[in-house]
file run.cif (mmCIF, C-alpha atoms)
data_target
#
loop_
_atom_site.label_atom_id
_atom_site.label_comp_id
_atom_site.auth_asym_id
_atom_site.auth_seq_id
_atom_site.Cartn_x
_atom_site.Cartn_y
_atom_site.Cartn_z
CA MET A 1 0.09 -8.87 18.81
CA PRO A 2 -1.96 -11.21 16.60
CA ARG A 3 -3.34 -14.20 18.48
CA ARG A 4 -4.41 -17.52 17.14
CA ARG A 5 -8.15 -17.38 16.68
CA GLN A 6 -10.76 -19.90 17.54
CA MET A 7 -13.10 -20.87 14.74
CA PRO A 8 -14.65 -19.35 12.75
CA TYR A 9 -11.81 -18.29 10.48
CA ASN A 10 -11.12 -14.63 10.02
CA ASN A 11 -10.00 -15.15 6.40
CA ARG A 12 -12.94 -14.32 4.15
CA LEU A 13 -12.17 -17.11 1.66
CA LEU A 14 -12.04 -19.78 4.37
CA ARG A 15 -15.25 -18.34 5.79
CA ALA A 16 -16.95 -18.57 2.40
CA LEU A 17 -16.27 -22.33 2.19
CA SER A 18 -19.00 -24.79 3.17
CA ASP A 19 -18.57 -26.66 6.46
CA THR A 20 -17.64 -29.77 4.47
CA ASP A 21 -14.94 -27.93 2.50
CA GLN A 22 -13.60 -26.26 5.64
CA ALA A 23 -13.30 -29.70 7.23
CA LEU A 24 -11.49 -31.02 4.14
CA LEU A 25 -9.00 -28.17 4.06
CA GLY A 26 -8.53 -27.80 7.82
CA PRO A 27 -6.00 -30.62 8.38
CA TYR A 28 -3.61 -29.08 5.81
CA LEU A 29 -3.58 -25.62 7.38
CA THR A 30 -0.92 -24.49 9.82
CA TRP A 31 -1.18 -21.18 11.61
CA SER A 32 1.79 -18.78 11.66
CA GLU A 33 2.35 -15.36 13.03
CA LEU A 34 3.72 -13.08 10.28
CA ARG A 35 5.68 -10.00 11.26
CA ARG A 36 6.00 -6.86 9.20
CA GLY A 37 8.71 -7.33 6.57
CA CYS A 38 8.26 -11.11 6.45
CA VAL A 39 8.66 -12.28 2.82
CA LEU A 40 5.88 -14.66 1.75
CA VAL A 41 6.91 -15.00 -1.88
CA ALA A 42 10.38 -14.27 -3.27
CA PRO A 43 10.64 -13.28 -6.96
CA ASP A 44 11.35 -16.09 -9.43
CA GLU A 45 11.66 -18.75 -6.77
CA PRO A 46 9.37 -21.76 -6.37
CA ILE A 47 6.41 -20.88 -4.11
CA GLU A 48 6.44 -23.47 -1.35
CA ARG A 49 3.37 -22.36 0.58
CA ALA A 50 0.18 -20.47 -0.03
CA TRP A 51 -1.18 -18.31 2.77
CA PHE A 52 -4.74 -17.58 3.80
CA ILE A 53 -4.21 -14.26 5.57
CA GLU A 54 -6.07 -14.06 8.87
CA GLU A 55 -4.81 -10.70 10.00
CA GLY A 56 -2.44 -7.99 8.80
CA LEU A 57 -1.70 -6.71 5.32
CA SER A 58 0.55 -7.99 2.57
CA SER A 59 1.77 -6.17 -0.51
CA ILE A 60 2.38 -7.61 -3.93
CA ILE A 61 5.30 -5.72 -5.46
CA ALA A 62 6.36 -5.54 -9.12
CA MET A 63 10.12 -5.21 -8.96
CA THR A 64 12.02 -2.41 -10.67
CA GLY A 65 15.42 -3.55 -9.40
CA ALA A 66 16.92 -6.03 -6.99
CA ARG A 67 15.37 -4.27 -3.99
CA GLN A 68 13.00 -1.62 -5.26
CA GLY A 69 9.55 -1.94 -6.73
CA VAL A 70 6.02 -0.59 -6.82
CA GLU A 71 2.98 -2.06 -5.15
CA VAL A 72 0.57 -3.62 -7.62
CA GLY A 73 -1.67 -5.55 -5.27
CA LEU A 74 -2.86 -5.71 -1.69
CA ALA A 75 -4.18 -8.67 0.28
CA GLY A 76 -5.23 -9.18 3.86
CA ARG A 77 -7.96 -11.31 5.40
CA ASP A 78 -9.81 -11.05 2.07
CA GLY A 79 -7.25 -13.08 0.24
CA LEU A 80 -4.86 -15.86 -0.49
CA ILE A 81 -1.17 -15.24 -1.11
CA GLY A 82 -0.04 -17.71 -3.75
CA VAL A 83 -2.38 -16.90 -6.65
CA PRO A 84 0.15 -18.31 -9.20
CA LEU A 85 -0.34 -21.76 -7.61
CA LEU A 86 -4.04 -21.58 -8.47
CA LEU A 87 -3.12 -20.86 -12.08
CA ASP A 88 -0.70 -23.76 -12.59
CA ALA A 89 2.39 -21.58 -12.15
CA ASP A 90 5.05 -22.36 -9.54
CA ARG A 91 6.63 -18.90 -9.34
CA THR A 92 6.17 -15.20 -10.08
CA PRO A 93 8.44 -12.21 -10.76
CA HIS A 94 6.59 -10.40 -7.94
CA ARG A 95 7.77 -10.06 -4.37
CA ILE A 96 5.16 -10.43 -1.65
CA PHE A 97 5.72 -9.41 1.94
CA MET A 98 3.86 -8.40 5.10
CA GLN A 99 3.55 -4.68 5.58
CA VAL A 100 1.42 -4.79 8.73
CA ASP A 101 1.97 -7.47 11.43
CA GLY A 102 -0.46 -10.32 11.16
CA ALA A 103 -1.01 -14.04 10.91
CA ALA A 104 -2.04 -16.59 8.31
CA TYR A 105 -2.92 -20.20 7.74
CA GLY A 106 -0.30 -21.68 5.42
CA ILE A 107 -0.75 -24.68 3.17
CA ALA A 108 2.06 -26.52 1.37
CA SER A 109 1.82 -26.02 -2.39
CA GLY A 110 1.63 -29.79 -3.00
CA ASP A 111 -1.26 -30.14 -0.56
CA LEU A 112 -3.03 -27.18 -2.13
CA GLN A 113 -2.62 -28.76 -5.58
CA ARG A 114 -4.14 -32.01 -4.39
CA VAL A 115 -7.08 -30.24 -2.77
CA LEU A 116 -7.68 -28.19 -5.93
CA ASP A 117 -7.55 -31.30 -8.12
CA GLU A 118 -9.97 -33.22 -5.97
CA HIS A 119 -12.47 -30.62 -4.80
CA ALA A 120 -14.12 -28.50 -7.46
CA SER A 121 -16.04 -26.33 -5.00
CA ILE A 122 -12.81 -25.18 -3.30
CA ARG A 123 -11.09 -24.67 -6.66
CA LYS A 124 -14.00 -22.61 -7.97
CA LEU A 125 -14.10 -20.34 -4.93
CA LEU A 126 -10.35 -19.70 -5.14
CA LEU A 127 -10.56 -19.03 -8.88
CA ARG A 128 -13.31 -16.50 -8.20
CA TYR A 129 -10.84 -14.88 -5.80
CA VAL A 130 -8.30 -14.72 -8.63
CA GLN A 131 -10.90 -12.82 -10.67
CA ALA A 132 -11.63 -10.46 -7.75
CA TYR A 133 -7.91 -9.89 -7.20
CA ALA A 134 -7.35 -9.27 -10.94
CA THR A 135 -10.13 -6.68 -10.82
CA GLN A 136 -8.39 -4.96 -7.91
CA THR A 137 -5.11 -4.74 -9.86
CA THR A 138 -6.85 -3.36 -12.96
CA TYR A 139 -8.35 -0.58 -10.84
CA THR A 140 -4.91 0.11 -9.38
CA ALA A 141 -3.75 0.56 -12.98
CA LEU A 142 -6.69 2.88 -13.66
CA SER A 143 -6.01 4.88 -10.52
CA ASN A 144 -2.31 5.22 -11.29
CA VAL A 145 -3.19 6.77 -14.64
CA ILE A 146 -6.08 9.11 -13.85
CA HIS A 147 -6.04 9.94 -10.14
CA THR A 148 -4.10 12.45 -8.06
CA VAL A 149 -1.81 11.35 -5.22
CA GLU A 150 -4.53 12.44 -2.72
CA GLN A 151 -7.14 10.28 -4.44
CA ARG A 152 -4.79 7.31 -4.65
CA LEU A 153 -3.85 7.72 -1.00
CA ALA A 154 -7.56 7.85 -0.07
CA ARG A 155 -8.17 4.69 -2.09
CA TRP A 156 -5.24 2.92 -0.53
CA LEU A 157 -6.28 3.85 3.02
CA LEU A 158 -9.82 2.59 2.34
CA MET A 159 -8.49 -0.70 1.00
CA SER A 160 -6.36 -1.12 4.13
CA HIS A 161 -9.27 -0.13 6.37
CA ASP A 162 -11.47 -2.79 4.71
CA ARG A 163 -8.95 -5.46 5.63
CA GLN A 164 -8.56 -4.77 9.33
CA ASP A 165 -10.51 -4.12 12.52
CA GLY A 166 -10.57 -0.63 13.96
CA ASP A 167 -9.75 2.74 12.44
CA GLN A 168 -6.00 2.99 13.07
CA ILE A 169 -3.68 1.93 10.26
CA PRO A 170 -0.01 1.59 11.29
CA LEU A 171 1.96 2.89 8.28
CA THR A 172 5.03 5.04 7.83
CA HIS A 173 5.27 7.73 5.16
CA ASP A 174 8.19 5.84 3.67
CA PHE A 175 5.96 2.88 3.22
CA LEU A 176 3.09 4.88 1.76
CA ALA A 177 5.56 6.42 -0.70
CA LEU A 178 6.56 2.94 -1.83
CA MET A 179 2.93 1.86 -2.05
CA LEU A 180 1.96 4.83 -4.17
CA GLY A 181 5.19 4.99 -6.16
CA VAL A 182 5.84 8.64 -5.25
CA GLN A 183 8.43 10.69 -3.36
CA ARG A 184 7.90 10.97 0.38
CA PRO A 185 7.06 14.72 0.40
CA SER A 186 4.14 13.96 -1.96
CA VAL A 187 2.81 11.63 0.74
CA THR A 188 3.39 14.26 3.45
CA LEU A 189 1.35 16.78 1.43
CA ALA A 190 -1.40 14.32 0.50
CA LEU A 191 -1.80 13.27 4.15
CA HIS A 192 -1.84 16.93 5.15
CA SER A 193 -4.52 17.66 2.58
CA LEU A 194 -6.78 14.75 3.65
CA GLU A 195 -6.20 15.76 7.26
CA GLY A 196 -7.16 19.36 6.44
CA LEU A 197 -10.50 18.06 5.15
CA GLY A 198 -11.00 16.19 8.44
CA LEU A 199 -11.05 12.77 6.72
CA ILE A 200 -8.07 11.31 8.57
CA LYS A 201 -5.64 12.03 11.37
CA ALA A 202 -1.99 11.37 10.58
CA THR A 203 0.63 10.99 13.28
CA ARG A 204 4.06 9.45 13.11
CA GLY A 205 3.64 5.91 11.77
CA LEU A 206 -0.13 5.91 12.22
CA VAL A 207 -3.11 7.00 10.12
CA THR A 208 -6.53 7.13 11.76
CA ILE A 209 -9.65 7.06 9.57
CA ARG A 210 -12.06 9.79 10.69
CA GLN A 211 -14.72 10.14 7.99
CA ARG A 212 -14.96 7.04 5.90
CA ALA A 213 -17.83 8.07 3.60
CA GLU A 214 -16.07 11.33 2.68
CA LEU A 215 -12.84 9.45 2.09
CA GLU A 216 -14.72 7.20 -0.36
CA ALA A 217 -16.04 10.27 -2.16
CA CYS A 218 -12.49 11.61 -2.37
CA ALA A 219 -11.14 8.33 -3.82
CA GLY A 220 -13.63 8.60 -6.70
CA THR A 221 -13.84 5.80 -9.26
CA GLY A 222 -10.72 4.06 -7.89
CA TYR A 223 -12.65 2.69 -4.95
CA GLY A 224 -15.88 0.71 -4.88
CA ILE A 225 -16.07 -1.33 -8.07
CA PRO A 226 -13.40 -3.95 -7.16
CA GLU A 227 -14.90 -4.17 -3.67
CA ALA A 228 -18.41 -4.75 -5.05
CA GLU A 229 -16.97 -7.34 -7.42
CA TYR A 230 -15.31 -9.15 -4.51
CA GLU A 231 -18.61 -9.25 -2.63
CA ARG A 232 -20.47 -10.52 -5.71
CA LEU A 233 -17.92 -13.29 -6.31
CA ILE A 234 -16.95 -14.28 -2.76
CA GLY A 235 -19.03 -12.67 -0.02
CA PRO A 236 -18.67 -9.96 2.60
CA LEU A 237 -15.31 -8.17 2.41
CA ARG A 238 -15.33 -6.06 5.55
CA MET B 1 23.68 7.65 8.07
CA PRO B 2 22.24 10.91 9.38
CA ARG B 3 18.50 11.52 9.32
CA PHE B 4 17.14 14.47 7.36
CA PHE B 5 13.64 15.90 7.51
CA LEU B 6 12.09 17.69 4.54
CA HIS B 7 9.52 20.11 5.94
CA ILE B 8 7.47 22.06 3.41
CA GLU B 9 6.92 25.75 4.02
CA ASP B 10 3.90 27.21 2.26
CA GLY B 11 3.80 30.95 3.01
CA THR B 12 3.31 31.06 6.76
CA GLN B 13 2.28 27.44 7.09
CA ARG B 14 4.79 24.67 7.80
CA ILE B 15 3.91 21.12 6.84
CA GLU B 16 6.06 18.84 8.94
CA ASP B 17 7.86 15.76 7.75
CA THR B 18 7.39 13.74 10.94
CA GLU B 19 9.51 10.77 9.92
CA GLY B 20 12.47 11.94 7.89
CA SER B 21 14.80 9.65 6.01
CA GLU B 22 18.35 8.42 6.37
CA LEU B 23 20.64 9.83 3.69
CA PRO B 24 24.44 9.93 3.26
CA ASP B 25 24.81 13.74 3.44
CA LEU B 26 23.26 17.14 2.82
CA ALA B 27 23.90 16.91 -0.93
CA ALA B 28 21.79 13.75 -1.03
CA ALA B 29 19.06 15.48 0.99
CA ARG B 30 19.06 18.37 -1.52
CA GLN B 31 18.74 15.88 -4.37
CA GLU B 32 15.76 14.28 -2.60
CA ALA B 33 14.15 17.70 -2.20
CA LEU B 34 14.71 18.59 -5.87
CA LYS B 35 13.31 15.26 -7.06
CA ALA B 36 10.27 15.69 -4.82
CA ALA B 37 9.82 19.29 -5.97
CA ARG B 38 9.67 18.17 -9.62
CA GLN B 39 6.95 15.69 -8.70
CA LEU B 40 5.02 18.40 -6.85
CA TRP B 41 5.38 20.73 -9.85
CA ALA B 42 4.07 18.03 -12.19
CA ALA B 43 0.96 17.55 -10.07
CA ALA B 44 0.51 21.31 -9.56
CA ILE B 45 0.75 22.11 -13.28
CA LEU B 46 -1.81 19.42 -14.14
CA ASP B 47 -4.03 21.00 -11.51
CA ASN B 48 -3.29 24.56 -12.75
CA ARG B 49 -1.83 25.60 -9.39
CA ASP B 50 1.22 27.75 -8.71
CA ILE B 51 3.45 26.36 -5.96
CA SER B 52 6.42 28.73 -6.49
CA MET B 53 5.82 30.25 -3.03
CA ARG B 54 6.62 26.94 -1.39
CA ARG B 55 10.02 25.76 -0.30
CA PHE B 56 11.63 22.81 1.39
CA LEU B 57 13.38 23.23 4.71
CA ILE B 58 16.07 20.63 5.17
CA VAL B 59 16.22 19.91 8.89
CA ASP B 60 18.71 17.73 10.73
CA ALA B 61 18.11 15.39 13.66
CA ASP B 62 18.65 18.31 16.11
CA ASP B 63 15.70 20.13 14.48
CA ASP B 64 18.01 22.79 13.00
CA VAL B 65 17.25 24.10 9.51
CA ILE B 66 20.49 23.45 7.63
CA ASP B 67 19.39 24.38 4.11
CA THR B 68 16.41 25.38 2.01
CA VAL B 69 15.36 24.38 -1.50
CA ALA B 70 13.00 26.73 -3.35
CA MET B 71 10.48 25.12 -5.72
CA ASP B 72 11.92 27.24 -8.57
CA GLU B 73 15.26 25.48 -8.21
CA ALA B 74 13.62 22.30 -9.47
CA LEU B 75 12.48 23.84 -12.76
CA PRO B 76 14.50 23.22 -15.93
CA ALA B 77 17.21 25.95 -16.15
CA GLY B 78 16.04 27.21 -19.58
CA LEU B 79 12.46 27.63 -18.41
CA LEU B 80 13.56 29.38 -15.23
CA GLY B 81 15.70 31.79 -17.31
CA ARG B 82 12.73 32.77 -19.48
CA LEU B 83 10.48 33.26 -16.44
CA ARG B 84 12.96 35.65 -14.83
#
call {"tool": "encode", "arguments": {"input": "run.cif", "output": "structure tokens"}}
result
Amino acid sequence: MPRRRQMPYNNRLLRALSDTDQALLGPYLTWSELRRGCVLVAPDEPIERAWFIEEGLSSIIAMTGARQGVEVGLAGRDGLIGVPLLLDADRTPHRIFMQVDGAAYGIASGDLQRVLDEHASIRKLLLRYVQAYATQTTYTALSNVIHTVEQRLARWLLMSHDRQDGDQIPLTHDFLALMLGVQRPSVTLALHSLEGLGLIKATRGLVTIRQRAELEACAGTGYGIPEAEYERLIGPLR
Amino acid sequence: MPRFFLHIEDGTQRIEDTEGSELPDLAAARQEALKAARQLWAAAILDNRDISMRRFLIVDADDDVIDTVAMDEALPAGLLGRLR
């Protein structure tokens, strides 16, 4: 169960702010626990709050129908949910929801706008995050085109691992199938194959990372560049 | 809706579907298996691997095998005819 943290923040963007900027932003932030399945942004509806994720994972989904879609972005304690608000847009066709239980500091979109207008250093940091996030999504596009399901699964597990403490990632095969845009048996086989190499251990609803360096090697060019870009633009990711 | 598990049998090895999925009936489970098999074929062909020895075991919630789907069944009928 996520617990409210004492300072310092767990969110890497809030951490990267100066003490002065943290103090400026602090009064606008309200902490919420976010359970798996909780919708943070509904498609084509005004975004009322942005969220600095403290814990857990959220998925940004490009919709293919009223309920279905494919994951195009991932954010946890590295990120801010509500990127359109930073870019002068009040809504997005994407759906964003929590896929692993967590918590976040929310800020009302009007308050965020005021802070962005008045404080260039906060605006600049968050815009650098937009660039880091855009880089992540371009590498997702690359991976979807050139990599096998095993490689994409390896990449996805590494990205999740980066955004949490510990080596156990609570995910169902159904969910991984949605994330990777494949049929469930493809996930079963890919997990089996990574497990056969000793890189992970997969049990019902839980994937445990065993050999991280080897998993990175398996992910190939899909993993590493967006992460390095995040660290160049923002600061430590893990 | 009943829960169906799609285990994959590869020669003597059985790769278990530990979670299964809720589907209306066996016909829907067969469709799922066929759709998945086409995806596995696509990846296998790109990788120059033959997966024709594999098959899906459709298993119900009581762990009974109620049907099987051979990988060949997922190939286009014309292609399958020429191969045989």
call {"tool": "atom_distance", "arguments": {"input": "run.cif", "atom1": "atom CA of B:Arg49", "atom2": "atom CA of A:Lys201"}}
result
25.1 Å
call {"tool": "closest_atom_pairs", "arguments": {"input": "run.cif", "of": "chain B", "to": "chain A", "cutoff": "9 Å", "atoms": "only C-alpha atoms", "output": "tab-separated table"}}
result
residue	atom	partner	partner_atom	distance
B:Leu6	CA	A:Pro185	CA	7.2
B:His7	CA	A:Pro185	CA	8.1
B:Ile8	CA	A:Pro185	CA	7.9
B:Ile15	CA	A:His192	CA	7.3
B:Glu16	CA	A:Thr188	CA	7.6
B:Asp17	CA	A:Thr188	CA	6.4
B:Thr18	CA	A:Arg204	CA	5.8
B:Glu19	CA	A:Arg204	CA	6.5
B:Gly20	CA	A:Asp174	CA	8.6
B:Ser21	CA	A:Asp174	CA	8.0
B:Glu32	CA	A:Gln183	CA	8.2
B:Ala33	CA	A:Pro185	CA	8.1
B:Lys35	CA	A:Gln183	CA	7.6
B:Ala36	CA	A:Gln183	CA	5.5
B:Ala37	CA	A:Pro185	CA	8.3
B:Gln39	CA	A:Gln183	CA	7.5
B:Leu40	CA	A:Ser186	CA	6.7
B:Ala43	CA	A:Thr148	CA	7.5
call {"tool": "atom_distance", "arguments": {"input": "run.cif", "atom1": "atom CA of A:Leu233", "atom2": "atom CA of A:Ile81"}}
result
17.6 Å
call {"tool": "axis_aligned_box", "arguments": {"input": "run.cif", "around": "stretch 231-238 of chain A", "padding_each_side": "4 Å", "output": "JSON"}}
result
{"center_x": -17.9, "center_y": -10.2, "center_z": -0.4, "size_x": 13.2, "size_y": 16.2, "size_z": 19.9}
call {"tool": "residues_around", "arguments": {"input": "run.cif", "residues": "A:Arg15", "least_positions_apart": "6", "cutoff": "12 Å", "atoms": "only C-alpha atoms", "output": "short mmCIF file (atom, residue, chain, number, x, y, z; two decimals) with C-alpha atoms, keeping the file's coordinate frame"}}
result
data_model
loop_
_atom_site.label_atom_id
_atom_site.label_comp_id
_atom_site.auth_asym_id
_atom_site.auth_seq_id
_atom_site.Cartn_x
_atom_site.Cartn_y
_atom_site.Cartn_z
CA MET A 7 -13.10 -20.87 14.74
CA PRO A 8 -14.65 -19.35 12.75
CA TYR A 9 -11.81 -18.29 10.48
CA ASP A 21 -14.94 -27.93 2.50
CA GLN A 22 -13.60 -26.26 5.64
CA ALA A 23 -13.30 -29.70 7.23
CA LEU A 25 -9.00 -28.17 4.06
CA GLY A 26 -8.53 -27.80 7.82
CA PHE A 52 -4.74 -17.58 3.80
CA ILE A 53 -4.21 -14.26 5.57
CA GLU A 54 -6.07 -14.06 8.87
CA ARG A 77 -7.96 -11.31 5.40
CA ASP A 78 -9.81 -11.05 2.07
CA GLY A 79 -7.25 -13.08 0.24
CA ILE A 122 -12.81 -25.18 -3.30
CA LEU A 125 -14.10 -20.34 -4.93
CA ILE A 234 -16.95 -14.28 -2.76
CA GLY A 235 -19.03 -12.67 -0.02
CA PRO A 236 -18.67 -9.96 2.60
CA LEU A 237 -15.31 -8.17 2.41
#
call {"tool": "residues_around", "arguments": {"input": "run.cif", "residues": "A:Leu24", "least_positions_apart": "4", "cutoff": "10 Å", "atoms": "all atoms listed in the file", "output": "ChimeraX atom specification"}}
result
/A:18-20,28,115,119,122
call {"tool": "atom_distance", "arguments": {"input": "run.cif", "atom1": "atom CA of A:Thr92", "atom2": "atom CA of A:Tyr230"}}
result
23.0 Å
call {"tool": "resolve_selection", "arguments": {"input": "run.cif", "expression": "the PyMOL selection byres ((chain B and resi 24-31) around 8)", "output": "list in words"}}
result
Met1, Pro2, Phe4, Glu22, Leu23, Glu32, Ala33, Leu34, Lys35, Ile58 and Val69 of chain B
call {"tool": "write_last_selection", "arguments": {"input": "run.cif", "atoms": "C-alpha atoms", "output": "PDB file, keeping the file's coordinate frame"}}
result
ATOM      1  CA  MET B   1      23.680   7.650   8.070  1.00  0.00           C
ATOM      2  CA  PRO B   2      22.240  10.910   9.380  1.00  0.00           C
ATOM      3  CA  PHE B   4      17.140  14.470   7.360  1.00  0.00           C
ATOM      4  CA  GLU B  22      18.350   8.420   6.370  1.00  0.00           C
ATOM      5  CA  LEU B  23      20.640   9.830   3.690  1.00  0.00           C
ATOM      6  CA  GLU B  32      15.760  14.280  -2.600  1.00  0.00           C
ATOM      7  CA  ALA B  33      14.150  17.700  -2.200  1.00  0.00           C
ATOM      8  CA  LEU B  34      14.710  18.590  -5.870  1.00  0.00           C
ATOM      9  CA  LYS B  35      13.310  15.260  -7.060  1.00  0.00           C
ATOM     10  CA  ILE B  58      16.070  20.630   5.170  1.00  0.00           C
ATOM     11  CA  VAL B  69      15.360  24.380  -1.500  1.00  0.00           C
TER      12      VAL B  69
END
call {"tool": "resolve_selection", "arguments": {"input": "run.cif", "expression": "the PyMOL selection byres ((chain A and resi 223-228) around 6)", "output": "number ranges by chain"}}
result
A: 135-136, 155, 219, 221-222, 229-231
call {"tool": "residues_near_point", "arguments": {"input": "run.cif", "point": "(-4.8, 7.7, -8.5)", "cutoff": "12 Å", "atoms": "only C-alpha atoms", "output": "ChimeraX atom specification"}}
result
/A:139-156,179-182,190,218-223 /B:43
call {"tool": "residues_around", "arguments": {"input": "run.cif", "residues": "B:Asp10", "least_positions_apart": "6", "cutoff": "10 Å", "atoms": "only C-alpha atoms", "output": "JSON, numbers by chain"}}
result
{"B": [51, 52, 53, 54, 55, 56]}
call {"tool": "resolve_selection", "arguments": {"input": "run.cif", "expression": "the PyMOL selection byres ((chain A and resi 95-110) around 7)", "output": "PyMOL selection string"}}
result
chain A and resi 2+28-43+48-62+93-94+111-114
call {"tool": "closest_residue", "arguments": {"input": "run.cif", "among": "B:Ala74, B:Leu79, B:Leu57, B:Ala44", "to": "B:Arg14", "atoms": "only C-alpha atoms"}}
result
B:Leu57
call {"tool": "decode", "arguments": {"input": "run.cif", "residues": "stretch 187-199 of chain A", "atoms": "N, CA and C atoms", "output": "tab-separated table (two decimals), in the first residue's frame"}}
result
chain	number	residue	atom	x	y	z
A	187	VAL	N	2.64	-13.16	-25.39
A	187	VAL	CA	3.24	-12.74	-24.12
A	187	VAL	C	3.70	-13.96	-23.33
A	188	THR	N	2.83	-14.99	-23.28
A	188	THR	CA	3.18	-16.22	-22.56
A	188	THR	C	4.51	-16.77	-23.09
A	189	LEU	N	4.65	-16.83	-24.42
A	189	LEU	CA	5.87	-17.37	-25.02
A	189	LEU	C	7.07	-16.47	-24.78
A	190	ALA	N	6.87	-15.15	-24.89
A	190	ALA	CA	7.99	-14.22	-24.69
A	190	ALA	C	8.48	-14.29	-23.24
A	191	LEU	N	7.54	-14.36	-22.29
A	191	LEU	CA	7.93	-14.50	-20.87
A	191	LEU	C	8.69	-15.80	-20.67
A	192	HIS	N	8.17	-16.87	-21.29
A	192	HIS	CA	8.80	-18.18	-21.17
A	192	HIS	C	10.23	-18.14	-21.71
A	193	SER	N	10.39	-17.43	-22.83
A	193	SER	CA	11.71	-17.36	-23.46
A	193	SER	C	12.70	-16.56	-22.60
A	194	LEU	N	12.25	-15.42	-22.05
A	194	LEU	CA	13.14	-14.63	-21.18
A	194	LEU	C	13.44	-15.40	-19.89
A	195	GLU	N	12.45	-16.16	-19.43
A	195	GLU	CA	12.64	-16.96	-18.23
A	195	GLU	C	13.64	-18.09	-18.49
A	196	GLY	N	13.55	-18.68	-19.68
A	196	GLY	CA	14.48	-19.75	-20.07
A	196	GLY	C	15.92	-19.27	-20.09
A	197	LEU	N	16.12	-17.99	-20.39
A	197	LEU	CA	17.47	-17.41	-20.39
A	197	LEU	C	17.91	-16.98	-18.99
A	198	GLY	N	17.00	-17.13	-18.03
A	198	GLY	CA	17.33	-16.78	-16.64
A	198	GLY	C	17.24	-15.29	-16.33
A	199	LEU	N	16.65	-14.50	-17.25
A	199	LEU	CA	16.64	-13.05	-17.08
A	199	LEU	C	15.54	-12.58	-16.13
